[in-house]
Amino acid sequence: VTGSGSTWDLALGGLTVGPDIVHYAANSSTGNLLTIDQGGTVDNIGTLTIGANNTLNLLGGTLGVANTIWTTNQLLLGGGTQSCTLKALGGSLIFSNGLVVASNGLLTGTGSVRGGMPGIAITNGGVFAPGLDGPGTLSVSNFTWHCGGVYRFEITNFSGTPGVSWDLLNVSTQLTFATNASLAGTNFVLRLDTLGTPAANFDSNSIYHLKIMTYGTQTLFDVGRFTIATDAFANAFNGAWGLTNSGTNLYLTYVPAEPTNTLFDEWDAPSNGYW
């Protein structure tokens, strides 16, 4: 499926690459290949089955799927010059040999995504964004966030709830923040995104404490290694954004700037001695 105008919509039907294990012995069909390239789209797959020794090449474009039966190699998103998107459509995606989201790759959607024992890795330039076309909740397991990886955090209402008014990532097991000596000085990135319009109920003079991630356990969190990007945040503000972890949750914080004290003005006493 190749080219930006090429779309294969399965209307939640199934798609199998490799053996039909209902009618044939497992591994009886090998060497089959599904390639998505140059902006092509394969969308609304109910269940995607990739048999052993068969391949999905997501070179550039979009794959939208609700459920997977995956017995083949690790899935790589991105890593090249083309943009690659994996959309989780509310079901259960299991990549038994791991999922890597590299540069120009995007993992987005709802439901659950699991990467087996290798887990899910967001590497330098890779992006994860819970929700589809707005805020939502995405559940993952064994999740490694490498420095340079980006959490595209969408928010539409500061008075709402996590997963509805702003994004929430649930890590059911281990969350690891991984640094790399070859990327010294490269931070983890949280990009605030109000989807082109100011978010509702934001007051730049108020304090906010929003839960954006939950986890079973975490290692190597260092608040000094984060960059909070506000180029897609449409509300005016004069305070400071930050991150803090408490218990098994990660929070986005906002603290307004200190108000200017206008009760006392500086008095410039005259030099003529008449006061």
# chains A, B, ... in the order shown; residues from 1 in each chain; ligands from 1
>>> select_by_dssp(residues="range 109-182 of chain A", states="strand (DSSP E or B)", output="PyMOL selection string")
chain A and resi 109-114+120-122+127-131+137-140+143-146+150-155+157+162+166+168-178
>>> residues_around(residues="range 70-76 of chain A", least_positions_apart="4", cutoff="9 Å", atoms="only C-alpha atoms", output="MDAnalysis selection string")
chainID A and resid 48:59 93:102 105 115 118
>>> closest_residue(among="A:Thr110, A:Gln218, A:Asn67, A:Asn201", to="Ser92 in chain A", atoms="only C-alpha atoms")
A:Asn67
>>> residues_around(residues="Leu195 in chain A", least_positions_apart="3", cutoff="8 Å", atoms="only C-alpha atoms", output="VMD selection string")
chain A and resid 134 154 to 156 232 to 233
>>> write_last_selection(atoms="N, CA, C and O atoms", output="PDB file, in the first residue's frame")
ATOM      1  N   GLY A 134      -7.560  13.947  19.803  1.00  0.00           N
ATOM      2  CA  GLY A 134      -7.864  14.655  21.032  1.00  0.00           C
ATOM      3  C   GLY A 134      -7.395  13.864  22.230  1.00  0.00           C
ATOM      4  O   GLY A 134      -6.803  12.786  22.094  1.00  0.00           O
ATOM      5  N   GLU A 154      -1.866  16.349  24.933  1.00  0.00           N
ATOM      6  CA  GLU A 154      -2.974  17.180  24.467  1.00  0.00           C
ATOM      7  C   GLU A 154      -3.905  17.494  25.634  1.00  0.00           C
ATOM      8  O   GLU A 154      -4.229  16.619  26.442  1.00  0.00           O
ATOM      9  N   ILE A 155      -4.329  18.749  25.707  1.00  0.00           N
ATOM     10  CA  ILE A 155      -5.230  19.189  26.769  1.00  0.00           C
ATOM     11  C   ILE A 155      -6.224  20.198  26.197  1.00  0.00           C
ATOM     12  O   ILE A 155      -5.851  21.088  25.440  1.00  0.00           O
ATOM     13  N   THR A 156      -7.492  20.015  26.544  1.00  0.00           N
ATOM     14  CA  THR A 156      -8.536  20.921  26.054  1.00  0.00           C
ATOM     15  C   THR A 156      -9.272  21.642  27.174  1.00  0.00           C
ATOM     16  O   THR A 156      -9.956  22.631  26.921  1.00  0.00           O
ATOM     17  N   ALA A 232       3.029  24.686  21.066  1.00  0.00           N
ATOM     18  CA  ALA A 232       1.675  24.352  20.614  1.00  0.00           C
ATOM     19  C   ALA A 232       0.634  24.619  21.704  1.00  0.00           C
ATOM     20  O   ALA A 232      -0.509  24.164  21.585  1.00  0.00           O
ATOM     21  N   PHE A 233       1.023  25.369  22.741  1.00  0.00           N
ATOM     22  CA  PHE A 233       0.107  25.726  23.825  1.00  0.00           C
ATOM     23  C   PHE A 233      -0.427  27.128  23.540  1.00  0.00           C
ATOM     24  O   PHE A 233       0.326  28.107  23.563  1.00  0.00           O
TER      25      PHE A 233
END
>>> residues_around(residues="Val42 in chain A", least_positions_apart="4", cutoff="9 Å", atoms="only C-alpha atoms", output="PDB file with N, CA, C and O atoms, in the first residue's frame")
ATOM      1  N   VAL A   1       0.874  -1.166   0.000  1.00  0.00           N
ATOM      2  CA  VAL A   1       0.000   0.000   0.000  1.00  0.00           C
ATOM      3  C   VAL A   1       0.911   1.216   0.000  1.00  0.00           C
ATOM      4  O   VAL A   1       1.541   1.516   1.012  1.00  0.00           O
ATOM      5  N   SER A   6      -3.284   6.380  -1.129  1.00  0.00           N
ATOM      6  CA  SER A   6      -3.617   4.953  -1.095  1.00  0.00           C
ATOM      7  C   SER A   6      -4.136   4.582   0.287  1.00  0.00           C
ATOM      8  O   SER A   6      -3.396   4.647   1.268  1.00  0.00           O
ATOM      9  N   THR A   7      -5.406   4.186   0.361  1.00  0.00           N
ATOM     10  CA  THR A   7      -6.012   3.824   1.636  1.00  0.00           C
ATOM     11  C   THR A   7      -6.744   2.491   1.495  1.00  0.00           C
ATOM     12  O   THR A   7      -7.533   2.300   0.570  1.00  0.00           O
ATOM     13  N   TRP A   8      -6.471   1.608   2.435  1.00  0.00           N
ATOM     14  CA  TRP A   8      -7.168   0.327   2.521  1.00  0.00           C
ATOM     15  C   TRP A   8      -7.887   0.305   3.858  1.00  0.00           C
ATOM     16  O   TRP A   8      -7.279   0.172   4.898  1.00  0.00           O
ATOM     17  N   ASP A   9      -9.197   0.469   3.819  1.00  0.00           N
ATOM     18  CA  ASP A   9     -10.018   0.515   5.027  1.00  0.00           C
ATOM     19  C   ASP A   9     -10.738  -0.818   5.165  1.00  0.00           C
ATOM     20  O   ASP A   9     -11.577  -1.168   4.339  1.00  0.00           O
ATOM     21  N   LEU A  10     -10.426  -1.558   6.232  1.00  0.00           N
ATOM     22  CA  LEU A  10     -10.988  -2.887   6.403  1.00  0.00           C
ATOM     23  C   LEU A  10     -12.286  -2.893   7.202  1.00  0.00           C
ATOM     24  O   LEU A  10     -12.851  -3.963   7.439  1.00  0.00           O
ATOM     25  N   ILE A  36       3.697  -0.921   3.941  1.00  0.00           N
ATOM     26  CA  ILE A  36       3.019   0.377   3.915  1.00  0.00           C
ATOM     27  C   ILE A  36       4.108   1.418   3.738  1.00  0.00           C
ATOM     28  O   ILE A  36       5.036   1.511   4.556  1.00  0.00           O
ATOM     29  N   GLY A  61       3.830   5.859   6.580  1.00  0.00           N
ATOM     30  CA  GLY A  61       2.387   5.852   6.434  1.00  0.00           C
ATOM     31  C   GLY A  61       1.726   5.535   7.750  1.00  0.00           C
ATOM     32  O   GLY A  61       2.301   5.746   8.822  1.00  0.00           O
ATOM     33  N   THR A  62       0.506   4.992   7.688  1.00  0.00           N
ATOM     34  CA  THR A  62      -0.305   4.788   8.881  1.00  0.00           C
ATOM     35  C   THR A  62      -0.898   3.396   8.925  1.00  0.00           C
ATOM     36  O   THR A  62      -1.417   2.901   7.921  1.00  0.00           O
ATOM     37  N   LEU A  63      -0.822   2.793  10.100  1.00  0.00           N
ATOM     38  CA  LEU A  63      -1.459   1.510  10.361  1.00  0.00           C
ATOM     39  C   LEU A  63      -2.416   1.708  11.529  1.00  0.00           C
ATOM     40  O   LEU A  63      -1.999   2.076  12.626  1.00  0.00           O
ATOM     41  N   GLY A  64      -3.715   1.474  11.287  1.00  0.00           N
ATOM     42  CA  GLY A  64      -4.721   1.584  12.333  1.00  0.00           C
ATOM     43  C   GLY A  64      -5.316   0.226  12.626  1.00  0.00           C
ATOM     44  O   GLY A  64      -5.898  -0.411  11.735  1.00  0.00           O
ATOM     45  N   VAL A  65      -5.182  -0.251  13.884  1.00  0.00           N
ATOM     46  CA  VAL A  65      -5.574  -1.623  14.194  1.00  0.00           C
ATOM     47  C   VAL A  65      -6.103  -1.702  15.621  1.00  0.00           C
ATOM     48  O   VAL A  65      -5.617  -1.008  16.517  1.00  0.00           O
TER      49      VAL A  65
END
>>> closest_residue(among="A:Gly160, A:Thr68, A:Gly40, A:Gly196", to="Gln82 in chain A", atoms="only C-alpha atoms")
A:Gly40
>>> atom_distance(atom1="CA of Trp166 in chain A", atom2="CA of Asp193 in chain A")
9.6 Å
>>> residues_around(residues="Leu12 in chain A", least_positions_apart="2", cutoff="8 Å", atoms="only C-alpha atoms", output="list in words")
Leu10, Gly14, Asn44, Ile45, Gly46, Thr47 and Ala66 of chain A
>>> write_last_selection(atoms="N, CA, C and O atoms", output="compact mmCIF listing (two decimals), in the first residue's frame")
# COMPACT_ATOMS: atom_id res chain seq x y z
N LEU A 10 -10.43 -1.56 6.23
CA LEU A 10 -10.99 -2.89 6.40
C LEU A 10 -12.29 -2.89 7.20
O LEU A 10 -12.85 -3.96 7.44
N GLY A 14 -10.82 -8.54 9.61
CA GLY A 14 -9.52 -9.10 9.93
C GLY A 14 -8.58 -9.10 8.75
O GLY A 14 -9.00 -9.09 7.59
N ASN A 44 -8.45 0.73 10.30
CA ASN A 44 -9.66 0.06 10.82
C ASN A 44 -9.59 -1.46 10.68
O ASN A 44 -10.57 -2.11 10.30
N ILE A 45 -8.43 -2.03 11.02
CA ILE A 45 -8.29 -3.48 11.04
C ILE A 45 -8.85 -3.98 12.38
O ILE A 45 -8.44 -3.51 13.44
N GLY A 46 -9.74 -4.94 12.33
CA GLY A 46 -10.27 -5.51 13.56
C GLY A 46 -9.20 -6.31 14.28
O GLY A 46 -8.86 -6.04 15.44
N THR A 47 -8.66 -7.33 13.60
CA THR A 47 -7.55 -8.12 14.13
C THR A 47 -6.52 -8.33 13.03
O THR A 47 -6.84 -8.83 11.96
N ALA A 66 -7.11 -2.57 15.82
CA ALA A 66 -7.70 -2.74 17.14
C ALA A 66 -7.03 -3.84 17.94
O ALA A 66 -6.82 -3.72 19.14
>>> closest_residue(among="A:Asn238, A:Asn249, A:Thr137, A:Thr16", to="Ser165 in chain A", atoms="only C-alpha atoms")
A:Thr137
>>> closest_residue(among="A:Val171, A:Leu34, A:Cys147, A:Val223", to="Ile120 in chain A", atoms="only C-alpha atoms")
A:Val171
>>> closest_residue(among="A:Lys211, A:Arg191, A:Arg225, A:Arg152", to="Thr179 in chain A", atoms="only C-alpha atoms")
A:Arg225
>>> decode(residues="range 179-208 of chain A", atoms="C-alpha atoms", output="PDB file, in the first residue's frame")
ATOM      1  CA  THR A 179      19.643   8.270  29.270  1.00  0.00           C
ATOM      2  CA  ASN A 180      22.360   7.700  26.714  1.00  0.00           C
ATOM      3  CA  ALA A 181      25.962   8.829  26.948  1.00  0.00           C
ATOM      4  CA  SER A 182      25.996   9.587  23.209  1.00  0.00           C
ATOM      5  CA  LEU A 183      23.065  11.991  23.724  1.00  0.00           C
ATOM      6  CA  ALA A 184      24.520  13.948  26.620  1.00  0.00           C
ATOM      7  CA  GLY A 185      22.458  17.096  27.195  1.00  0.00           C
ATOM      8  CA  THR A 186      19.419  15.700  25.368  1.00  0.00           C
ATOM      9  CA  ASN A 187      16.313  15.844  27.542  1.00  0.00           C
ATOM     10  CA  PHE A 188      13.055  13.969  27.676  1.00  0.00           C
ATOM     11  CA  VAL A 189      10.424  16.181  26.011  1.00  0.00           C
ATOM     12  CA  LEU A 190       6.857  16.892  27.114  1.00  0.00           C
ATOM     13  CA  ARG A 191       5.121  18.941  24.417  1.00  0.00           C
ATOM     14  CA  LEU A 192       1.946  20.737  25.538  1.00  0.00           C
ATOM     15  CA  ASP A 193      -0.669  20.874  22.776  1.00  0.00           C
ATOM     16  CA  THR A 194      -4.068  22.600  22.959  1.00  0.00           C
ATOM     17  CA  LEU A 195      -4.992  21.554  19.399  1.00  0.00           C
ATOM     18  CA  GLY A 196      -4.817  25.000  17.877  1.00  0.00           C
ATOM     19  CA  THR A 197      -7.156  26.793  20.281  1.00  0.00           C
ATOM     20  CA  PRO A 198      -6.838  27.939  23.906  1.00  0.00           C
ATOM     21  CA  ALA A 199      -7.735  25.277  26.455  1.00  0.00           C
ATOM     22  CA  ALA A 200     -10.845  26.004  28.537  1.00  0.00           C
ATOM     23  CA  ASN A 201     -10.704  27.076  32.175  1.00  0.00           C
ATOM     24  CA  PHE A 202      -7.040  27.999  32.275  1.00  0.00           C
ATOM     25  CA  ASP A 203      -6.146  30.890  34.592  1.00  0.00           C
ATOM     26  CA  SER A 204      -2.514  31.968  34.336  1.00  0.00           C
ATOM     27  CA  ASN A 205      -2.685  33.169  37.963  1.00  0.00           C
ATOM     28  CA  SER A 206      -3.759  29.773  39.346  1.00  0.00           C
ATOM     29  CA  ILE A 207      -1.764  26.715  40.386  1.00  0.00           C
ATOM     30  CA  TYR A 208      -2.304  23.413  38.511  1.00  0.00           C
TER      31      TYR A 208
END
